[in-house]
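J.: Input file: start.txt. Contents: compact mmCIF, C-alpha atoms.
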```txt
# COMPACT_ATOMS: atom_id res chain seq x y z
CA MET I 113 130.21 24.70 105.58
CA THR I 114 127.76 22.11 104.34
CA ALA I 115 128.18 19.43 101.72
CA SER I 116 125.97 18.45 98.85
CA THR I 117 125.71 15.46 96.53
CA ALA I 118 125.25 15.46 92.75
CA PRO I 119 125.64 19.28 92.39
CA ALA I 120 124.74 21.17 89.27
CA GLY I 121 126.57 19.58 86.37
CA ARG I 122 127.38 16.48 88.43
CA GLY I 123 124.58 14.02 87.90
CA PRO I 124 123.75 10.82 89.75
CA THR I 125 126.21 8.00 89.32
CA GLY I 126 125.46 4.52 88.04
CA LYS I 127 127.52 1.36 88.43
CA GLY I 128 130.23 2.34 86.02
CA SER I 129 130.48 2.75 82.31
CA PRO I 130 130.81 -0.51 80.35
CA ARG I 131 133.33 1.08 78.03
CA GLN I 132 135.84 1.40 80.85
CA SER I 133 136.92 -2.21 80.53
CA GLN I 134 136.70 -4.79 77.80
CA VAL I 135 137.59 -7.53 80.28
CA ASP I 136 135.86 -8.39 83.54
CA PRO I 137 138.45 -10.30 85.60
CA LEU I 138 135.77 -11.30 88.12
CA ALA I 139 133.24 -12.61 85.58
CA PRO I 140 133.64 -16.30 86.57
CA LEU I 141 133.03 -15.43 90.21
CA ARG I 142 130.06 -13.06 89.99
CA THR I 143 126.71 -14.09 91.49
CA PRO I 144 123.38 -12.29 92.02
CA ASP I 145 124.18 -11.98 95.74
CA ASP I 146 127.41 -10.04 95.20
CA PRO I 147 127.97 -6.67 96.90
CA PRO I 148 127.16 -3.76 94.57
CA TRP I 149 130.83 -2.72 94.42
CA ASP I 150 134.06 -4.59 93.90
CA VAL I 151 136.21 -1.97 95.63
CA TYR I 152 135.47 0.96 97.93
CA LEU I 153 137.97 3.65 98.85
CA THR I 154 138.07 7.10 100.34
CA GLY I 155 140.62 9.88 100.53
CA THR I 156 141.60 13.24 99.12
CA VAL I 157 141.31 14.10 95.43
CA PHE I 158 143.95 16.55 94.20
CA LEU I 159 144.31 18.30 90.90
CA ASP I 160 147.74 17.15 89.71
CA ILE I 161 149.84 19.35 87.43
CA ILE I 162 152.81 17.35 86.16
CA PHE I 163 155.97 18.68 84.51
CA THR I 164 158.15 16.17 82.66
CA GLY I 165 161.23 16.35 80.47
CA LEU I 166 163.24 18.27 83.08
CA ASP I 167 166.98 17.71 82.78
CA SER I 168 167.47 17.98 86.53
CA ALA I 169 165.83 19.16 89.71
CA PRO I 170 164.94 22.86 89.79
CA VAL I 171 167.83 24.98 91.04
CA ARG I 172 167.23 27.73 93.55
CA GLY I 173 167.16 31.17 91.96
CA THR I 174 166.77 29.89 88.39
CA GLU I 175 163.91 29.20 85.99
CA SER I 176 163.50 25.72 84.53
CA TRP I 177 161.55 24.86 81.39
CA ALA I 178 159.85 21.48 81.08
CA ARG I 179 159.45 19.77 77.71
CA GLY I 180 156.12 18.23 78.73
CA MET I 181 153.17 19.03 80.97
CA GLY I 182 149.93 17.32 81.92
CA SER I 183 146.97 17.82 84.25
CA SER I 184 144.82 15.09 85.79
CA PRO I 185 142.93 14.13 88.95
CA GLY I 186 145.37 12.92 91.60
CA GLY I 187 145.55 11.68 95.16
CA VAL I 188 143.04 8.91 95.79
CA ALA I 189 141.86 9.36 92.19
CA ASN I 190 145.03 7.51 91.09
CA MET I 191 143.89 4.32 92.79
CA ALA I 192 140.23 4.70 91.86
CA THR I 193 141.00 5.16 88.17
CA ALA I 194 143.46 2.27 88.06
CA LEU I 195 140.87 -0.06 89.63
CA ALA I 196 138.09 1.05 87.28
CA ARG I 197 140.26 0.64 84.18
CA LEU I 198 140.94 -2.95 85.18
CA GLY I 199 137.21 -3.70 85.12
CA LEU I 200 136.44 -3.44 88.84
CA ARG I 201 133.24 -1.72 89.93
CA THR I 202 134.71 1.09 91.98
CA SER I 203 133.06 3.41 94.51
CA LEU I 204 134.83 6.49 95.85
CA ALA I 205 133.99 8.73 98.80
CA ALA I 206 135.80 12.06 98.66
CA ALA I 207 135.30 15.77 99.18
CA PHE I 208 135.43 17.84 95.98
CA GLY I 209 136.18 21.53 95.76
CA ASP I 210 133.46 23.94 94.71
CA ASP I 211 135.56 25.28 91.84
CA HIS I 212 136.54 24.53 88.23
CA TYR I 213 139.23 22.12 89.37
CA GLY I 214 136.62 20.21 91.36
CA ASP I 215 134.26 20.16 88.37
CA TYR I 216 137.03 18.80 86.15
CA CYS I 217 138.04 16.07 88.60
CA TRP I 218 134.43 15.01 89.21
CA ASP I 219 133.68 14.81 85.49
CA ALA I 220 136.91 12.93 84.72
CA LEU I 221 136.19 10.30 87.38
CA GLU I 222 132.44 9.89 87.04
CA HIS I 223 131.81 10.30 83.32
CA GLY I 224 135.32 9.58 82.04
CA GLU I 225 136.05 6.50 84.15
CA GLY I 226 132.64 5.25 85.30
CA ILE I 227 133.54 5.53 89.00
CA ASP I 228 130.62 5.68 91.45
CA LEU I 229 130.74 9.02 93.28
CA SER I 230 127.42 8.74 95.11
CA PRO I 231 129.25 8.66 98.49
CA SER I 232 131.24 11.78 97.51
CA ARG I 233 130.42 15.37 98.38
CA THR I 234 130.96 18.85 96.98
CA VAL I 235 131.85 21.34 99.73
CA PRO I 236 130.66 24.90 98.96
CA GLY I 237 133.40 27.47 99.31
CA TRP I 238 136.18 24.89 99.65
CA HIS I 239 138.88 24.94 96.97
CA SER I 240 140.44 21.85 95.45
CA PRO I 241 143.85 20.74 96.76
CA VAL I 242 146.58 21.03 94.12
CA THR I 243 149.87 19.18 93.63
CA VAL I 244 152.61 20.22 91.22
CA SER I 245 154.84 17.25 90.37
CA MET I 246 158.18 17.54 88.61
CA ALA I 247 159.57 14.35 87.04
CA TYR I 248 163.26 14.01 86.21
CA GLU I 249 165.86 11.22 86.13
CA GLY I 250 163.24 8.64 87.07
CA GLU I 251 162.39 10.54 90.26
CA ARG I 252 159.85 13.18 91.16
CA THR I 253 159.56 16.22 93.42
CA MET I 254 156.16 17.47 94.52
CA VAL I 255 154.75 20.67 95.98
CA SER I 256 151.17 20.61 97.28
CA HIS I 257 148.69 23.11 98.66
CA GLY I 258 145.29 22.54 100.21
CA HIS I 259 143.18 22.72 103.33
CA GLU I 260 141.43 19.93 105.20
CA PRO I 261 137.72 19.74 104.36
CA PRO I 262 135.33 20.24 107.27
CA PRO I 263 135.11 17.15 109.51
CA GLY I 264 132.82 14.47 108.16
CA GLU I 265 132.67 15.87 104.65
CA ALA I 266 135.03 13.42 102.98
CA ALA I 267 133.32 10.09 103.65
CA PRO I 268 130.01 8.65 104.84
CA GLU I 269 129.87 7.20 108.34
CA CYS I 270 128.96 3.77 107.01
CA PRO I 271 130.79 2.48 103.90
CA PRO I 272 128.82 0.65 101.19
CA ARG I 273 129.10 -3.11 100.83
CA ALA I 274 132.06 -4.08 98.66
CA ARG I 275 134.22 -7.11 97.99
CA ALA I 276 137.33 -5.13 98.92
CA ALA I 277 138.52 -1.77 100.18
CA VAL I 278 141.86 -0.02 99.92
CA ALA I 279 142.81 1.84 103.09
CA SER I 280 145.63 4.33 103.51
CA LEU I 281 147.02 3.65 106.99
CA ALA I 282 148.60 6.46 109.00
CA PRO I 283 150.55 6.30 112.28
CA GLY I 284 148.38 6.99 115.30
CA VAL I 285 145.21 7.34 113.23
CA SER I 286 142.23 5.00 113.32
CA ALA I 287 139.50 5.32 110.68
CA PRO I 288 136.22 3.81 111.96
CA TRP I 289 135.05 2.93 108.44
CA ILE I 290 137.84 0.35 108.10
CA ALA I 291 136.61 -1.75 111.04
CA GLN I 292 133.03 -1.37 109.79
CA ALA I 293 133.96 -2.55 106.30
CA ALA I 294 135.92 -5.52 107.63
CA SER I 295 133.01 -6.53 109.88
CA LYS I 296 130.80 -6.77 106.78
CA GLY I 297 133.21 -9.17 105.08
CA THR I 298 135.06 -6.58 102.99
CA ARG I 299 138.66 -7.59 102.32
CA VAL I 300 140.83 -4.63 103.33
CA PHE I 301 144.15 -3.94 101.57
CA GLY I 302 146.35 -1.61 103.58
CA ASP I 303 148.65 0.90 101.94
CA VAL I 304 151.01 3.14 103.90
CA GLY I 305 153.15 6.21 103.44
CA TRP I 306 156.34 7.47 105.01
CA ASP I 307 156.22 7.78 108.81
CA ASP I 308 157.17 11.43 109.38
CA THR I 309 157.19 10.83 113.14
CA GLY I 310 160.20 8.54 112.77
CA VAL I 311 158.72 6.04 115.25
CA TRP I 312 158.04 3.22 112.77
CA ASP I 313 155.93 1.18 115.19
CA LEU I 314 153.45 -1.31 113.74
CA ALA I 315 151.43 -0.99 116.94
CA GLY I 316 150.90 2.61 115.86
CA LEU I 317 148.89 1.40 112.84
CA PRO I 318 145.73 0.37 114.73
CA ASP I 319 143.75 -0.50 111.61
CA LEU I 320 146.35 -2.99 110.38
CA ARG I 321 144.57 -5.71 112.38
CA HIS I 322 141.54 -5.31 110.09
CA CYS I 323 143.61 -5.78 106.91
CA GLU I 324 143.96 -8.94 104.84
CA ALA I 325 147.01 -7.57 103.04
CA PHE I 326 149.66 -4.93 103.72
CA LEU I 327 151.67 -3.43 100.84
CA PRO I 328 154.61 -1.24 101.94
CA ASN I 329 157.74 -0.57 99.91
CA ALA I 330 161.06 -2.12 100.89
CA GLU I 331 162.33 0.78 102.98
CA GLU I 332 159.05 1.11 104.87
CA ALA I 333 158.87 -2.64 105.49
CA MET I 334 162.41 -2.78 106.90
CA ARG I 335 161.91 0.24 109.12
CA TYR I 336 158.65 -1.12 110.52
CA THR I 337 160.11 -4.55 111.27
CA GLY I 338 163.78 -3.80 111.97
CA ALA I 339 164.73 -6.47 109.40
CA ASP I 340 167.94 -6.01 107.43
CA CYS I 341 166.45 -7.08 104.09
CA PRO I 342 163.02 -6.59 102.50
CA ARG I 343 162.32 -10.32 102.13
CA ALA I 344 162.91 -10.92 105.83
CA ALA I 345 160.72 -7.90 106.52
CA ALA I 346 157.88 -9.42 104.50
CA HIS I 347 158.02 -12.59 106.59
CA ALA I 348 158.07 -10.55 109.80
CA LEU I 349 155.00 -8.58 108.70
CA THR I 350 152.95 -11.77 108.46
CA GLU I 351 152.87 -11.79 112.27
CA TYR I 352 150.54 -8.80 111.95
CA VAL I 353 148.65 -9.39 108.71
CA PRO I 354 147.89 -12.57 106.68
CA LEU I 355 149.44 -11.36 103.42
CA ALA I 356 152.51 -9.14 103.13
CA VAL I 357 153.58 -7.65 99.78
CA VAL I 358 156.80 -5.66 99.65
CA THR I 359 157.69 -3.69 96.53
CA LEU I 360 161.40 -3.74 95.66
CA GLY I 361 161.60 -0.90 93.16
CA ALA I 362 163.65 -1.91 90.12
CA ASP I 363 163.93 -5.44 91.54
CA GLY I 364 160.18 -6.13 91.40
CA ALA I 365 158.16 -7.37 94.38
CA TYR I 366 158.11 -10.11 97.01
CA ALA I 367 155.07 -11.54 98.83
CA VAL I 368 154.35 -13.97 101.65
CA ASP I 369 150.96 -15.51 102.42
CA ARG I 370 150.85 -16.73 106.02
CA ARG I 371 147.67 -18.74 105.48
CA THR I 372 149.11 -20.97 102.77
CA GLY I 373 152.83 -20.64 103.47
CA GLU I 374 153.28 -19.53 99.86
CA THR I 375 155.95 -17.06 98.81
CA ALA I 376 156.48 -15.42 95.43
CA GLU I 377 158.96 -13.03 93.86
CA VAL I 378 158.63 -11.46 90.42
CA PRO I 379 161.23 -9.15 88.82
CA ALA I 380 160.27 -5.72 87.53
CA ILE I 381 159.76 -5.00 83.84
CA ALA I 382 162.40 -2.61 82.53
CA VAL I 383 160.82 0.41 80.85
CA GLU I 384 161.79 3.99 80.07
CA ALA I 385 159.82 6.01 82.62
CA LEU I 386 158.23 9.28 81.54
CA ASP I 387 156.46 10.00 84.84
CA PRO I 388 156.47 7.73 87.93
CA THR I 389 153.56 9.57 89.57
CA GLY I 390 150.96 7.10 90.85
CA ALA I 391 152.86 3.93 89.90
CA GLY I 392 152.55 2.59 93.43
CA ASP I 393 148.78 3.07 93.35
CA VAL I 394 148.55 1.26 90.02
CA PHE I 395 150.59 -1.62 91.47
CA VAL I 396 148.16 -1.95 94.38
CA ALA I 397 145.18 -1.82 92.01
CA GLY I 398 146.63 -4.61 89.88
CA PHE I 399 147.29 -6.74 92.95
CA VAL I 400 143.76 -6.16 94.28
CA ALA I 401 142.29 -7.15 90.90
CA GLY I 402 144.30 -10.37 90.80
CA THR I 403 143.46 -11.21 94.40
CA LEU I 404 139.72 -10.73 93.92
CA ALA I 405 139.97 -12.86 90.77
CA ASP I 406 141.60 -15.60 92.89
CA TRP I 407 144.78 -15.81 90.81
CA PRO I 408 147.95 -17.52 92.10
CA LEU I 409 150.18 -15.23 94.17
CA ALA I 410 152.96 -15.02 91.56
CA ASP I 411 150.45 -14.08 88.83
CA ARG I 412 149.11 -11.30 91.03
CA LEU I 413 152.60 -9.90 91.56
CA ALA I 414 153.43 -10.13 87.85
CA PHE I 415 150.19 -8.42 86.84
CA ALA I 416 150.62 -5.65 89.41
CA GLY I 417 154.17 -5.03 88.21
CA LEU I 418 153.07 -4.97 84.59
CA THR I 419 150.31 -2.43 85.16
CA ALA I 420 152.70 -0.20 87.11
CA ALA I 421 155.33 -0.45 84.36
CA LEU I 422 152.82 0.53 81.70
CA SER I 423 151.61 3.49 83.78
CA VAL I 424 155.00 5.22 84.06
CA GLN I 425 155.16 5.58 80.28
CA GLU I 426 152.32 8.13 80.31
CA PHE I 427 151.75 11.55 81.92
CA GLY I 428 149.97 11.86 85.23
CA GLY I 429 148.99 9.61 88.09
CA SER I 430 145.38 8.67 87.45
CA LEU I 431 145.07 9.03 83.68
CA SER I 432 148.30 7.11 83.06
CA ALA I 433 146.75 3.90 84.41
CA PRO I 434 146.48 1.21 81.73
CA GLY I 435 143.29 -0.48 80.61
CA TRP I 436 142.93 -3.95 79.13
CA SER I 437 143.58 -2.66 75.62
CA GLU I 438 147.05 -1.48 76.62
CA ILE I 439 147.70 -4.73 78.46
CA ALA I 440 146.66 -6.74 75.41
CA ALA I 441 148.84 -4.61 73.12
CA TRP I 442 151.84 -5.17 75.40
CA TRP I 443 151.23 -8.92 75.49
CA ARG I 444 151.08 -9.13 71.69
CA LYS I 445 154.15 -6.95 71.22
CA VAL I 446 156.33 -8.71 73.79
CA GLN I 447 155.72 -12.09 72.17
CA SER I 448 157.05 -10.79 68.87
CA VAL I 449 160.36 -9.53 70.27
CA GLU I 450 163.20 -11.49 68.70
CA GLY I 451 165.20 -13.50 71.21
CA GLN I 452 162.60 -13.05 73.94
CA SER I 453 163.21 -15.28 76.96
CA ALA I 454 160.84 -18.24 77.01
CA ALA I 455 160.85 -18.20 80.80
CA ALA I 456 159.91 -14.51 80.84
CA LEU I 457 157.04 -15.13 78.44
CA GLU I 458 155.82 -18.05 80.51
CA ARG I 459 155.67 -15.82 83.59
CA TYR I 460 152.97 -13.75 81.85
CA GLY I 461 151.29 -16.64 80.07
CA PHE I 462 148.18 -16.25 82.21
CA LEU I 463 147.34 -13.17 80.13
CA ALA I 464 146.58 -15.37 77.14
CA ASP I 465 143.34 -16.48 78.77
CA LEU I 466 142.31 -12.92 79.58
CA VAL I 467 143.06 -10.86 76.49
CA SER I 468 142.21 -11.47 72.86
CA GLU I 469 143.28 -10.11 69.49
CA GLU I 470 140.18 -7.93 69.24
CA LEU I 471 141.29 -5.95 72.30
CA VAL I 472 144.38 -4.67 70.50
CA ARG I 473 142.92 -1.57 68.95
CA PRO I 474 142.82 2.17 69.75
CA TRP I 475 140.76 2.84 72.84
CA PRO I 476 139.66 6.34 73.86
CA LEU I 477 141.22 6.44 77.32
CA ARG I 478 141.54 9.92 78.75
CA ARG I 479 145.12 11.04 79.16
CA ALA I 480 146.57 13.97 81.06
CA VAL I 481 146.34 17.20 79.06
CA PRO I 482 148.43 20.40 79.26
CA THR I 483 145.43 22.50 80.26
CA ILE I 484 141.77 22.15 81.25
CA GLY I 485 138.67 24.07 80.34
CA PHE I 486 139.09 24.72 76.62
CA ARG I 487 135.95 26.27 75.20
CA ARG I 488 134.08 23.87 72.96
CA SER I 489 133.52 25.09 69.43
CA ALA I 490 129.93 25.49 68.34
```
Using structure tokens, write down the structure from this file.

T.:
Amino acid sequence: MTASTAPAGRGPTGKGSPRQSQVDPLAPLRTPDDPPWDVYLTGTVFLDIIFTGLDSAPVRGTESWARGMGSSPGGVANMATALARLGLRTSLAAAFGDDHYGDYCWDALEHGEGIDLSPSRTVPGWHSPVTVSMAYEGERTMVSHGHEPPPGEAAPECPPRARAAVASLAPGVSAPWIAQAASKGTRVFGDVGWDDTGVWDLAGLPDLRHCEAFLPNAEEAMRYTGADCPRAAAHALTEYVPLAVVTLGADGAYAVDRRTGETAEVPAIAVEALDPTGAGDVFVAGFVAGTLADWPLADRLAFAGLTAALSVQEFGGSLSAPGWSEIAAWWRKVQSVEGQSAAALERYGFLADLVSEELVRPWPLRRAVPTIGFRRSA
């Protein structure tokens, strides 16, 4: 099979739609010599179908009815959308299916979010991968189906110049683009998933040496290092990467910067979760934004945690990501809560210099919808 760019109905991509963000966190740092993109990433785009409002996990041999349902682009689209909604110029290389699902995902990312898809490809005759996610009791269960695209279809051999890249590291797998990006000065943030091999050997993540930061969750960090607590694991990880960030679930996140000796820990924000899909991706996006903006380490952790907390209150992985309007609305609302802790407010005081009263207004962000492809009335 062969790939094509900008297929029928999928026009050329510019540098992002200005309506995607009312705040540019990198504005004080931008110069005419900047790379064209703030963040580059590559991976698989899924069509996500999300069921929420389930009282419990589905029981074998029975039929369960969900009180809510949404559809949205998923997979690497979660991260790309979260980055774009935070005002970062985002470029994505991915293979898209030659079907209605692929058309929907392409349109949602390019025209809906202003993400650059010029490195992406449409593969004729290849259908879009699909994930069905069921959210209940703060957890989720997923079932996916898809086939690998033909080799070389998902990403260009040479990545574009960018300030940063987010790389999904996998045991025993080396992606040549990561070393290429790092050699050009791109700051690589490494994400990781569960090691199904059960080996949990950091030497088995060959591209970790090209990363500036590594962001596992607590269980992953402890398994990779053999540490008996996530904070000790974060310190152990700095032997392999300059900056280690370990997410602690309901307890927040902890980070260690080997270069400065700085550590930071920020508690999580308690919210009622509708759908946790993609919250980890939103956390990484918030941390990348704060890092590129050169914020203090604790501010980066607080911002990442806030964006993740806001995301779980909406349907879907990608389209639940907050923009600056939602962040501004939260900041205004939390200050008005009677008896609010002064220390807690101070932790997020850096937002006062970023958001303004005029941001707190309805903003036409796309959200996950129950179905796709409604006919438009004449």

J.: Interatomic distance between CA of Arg142 (chain I) and CA of Arg197 (chain I)?

T.: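 One can read the CA of Arg142 (chain I) to CA of Arg197 (chain I) distance as 18.0 Å.
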
J.: Give the answer as one residue: which of I:Asp465, I:Asp210, I:Glu458, I:Glu351 has the shortest atom-to-atom distance to Asp369 (chain I), using all atoms listed in the file?

T.: I:Glu351

J.: Provide the CA of Thr243 (chain I) to CA of Leu221 (chain I) distance in Å, to one decimal place.

T.: 17.5 Å

J.: Which one of I:Gly310, I:Ser453, I:Tyr152, I:Asp411 sits closest to Ala294 (chain I) if you count only C-alpha atoms?

T.: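 Going through I:Gly310, I:Ser453, I:Tyr152, I:Asp411 one by one, the smallest distance to Ala294 (chain I) is for I:Tyr152.
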
J.: Please report the interatomic distance between CA of Leu317 (chain I) and CA of Ser286 (chain I) in Å with one decimal.

T.: 7.6 Å

J.: Nearest to Val151 (chain I) among I:Ala247, I:Val400, I:Val255, I:Ala391, with distances taken over only C-alpha atoms: which residue is it?

T.: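 Once distances to Val151 (chain I) are computed over only C-alpha atoms, the minimum belongs to I:Val400.
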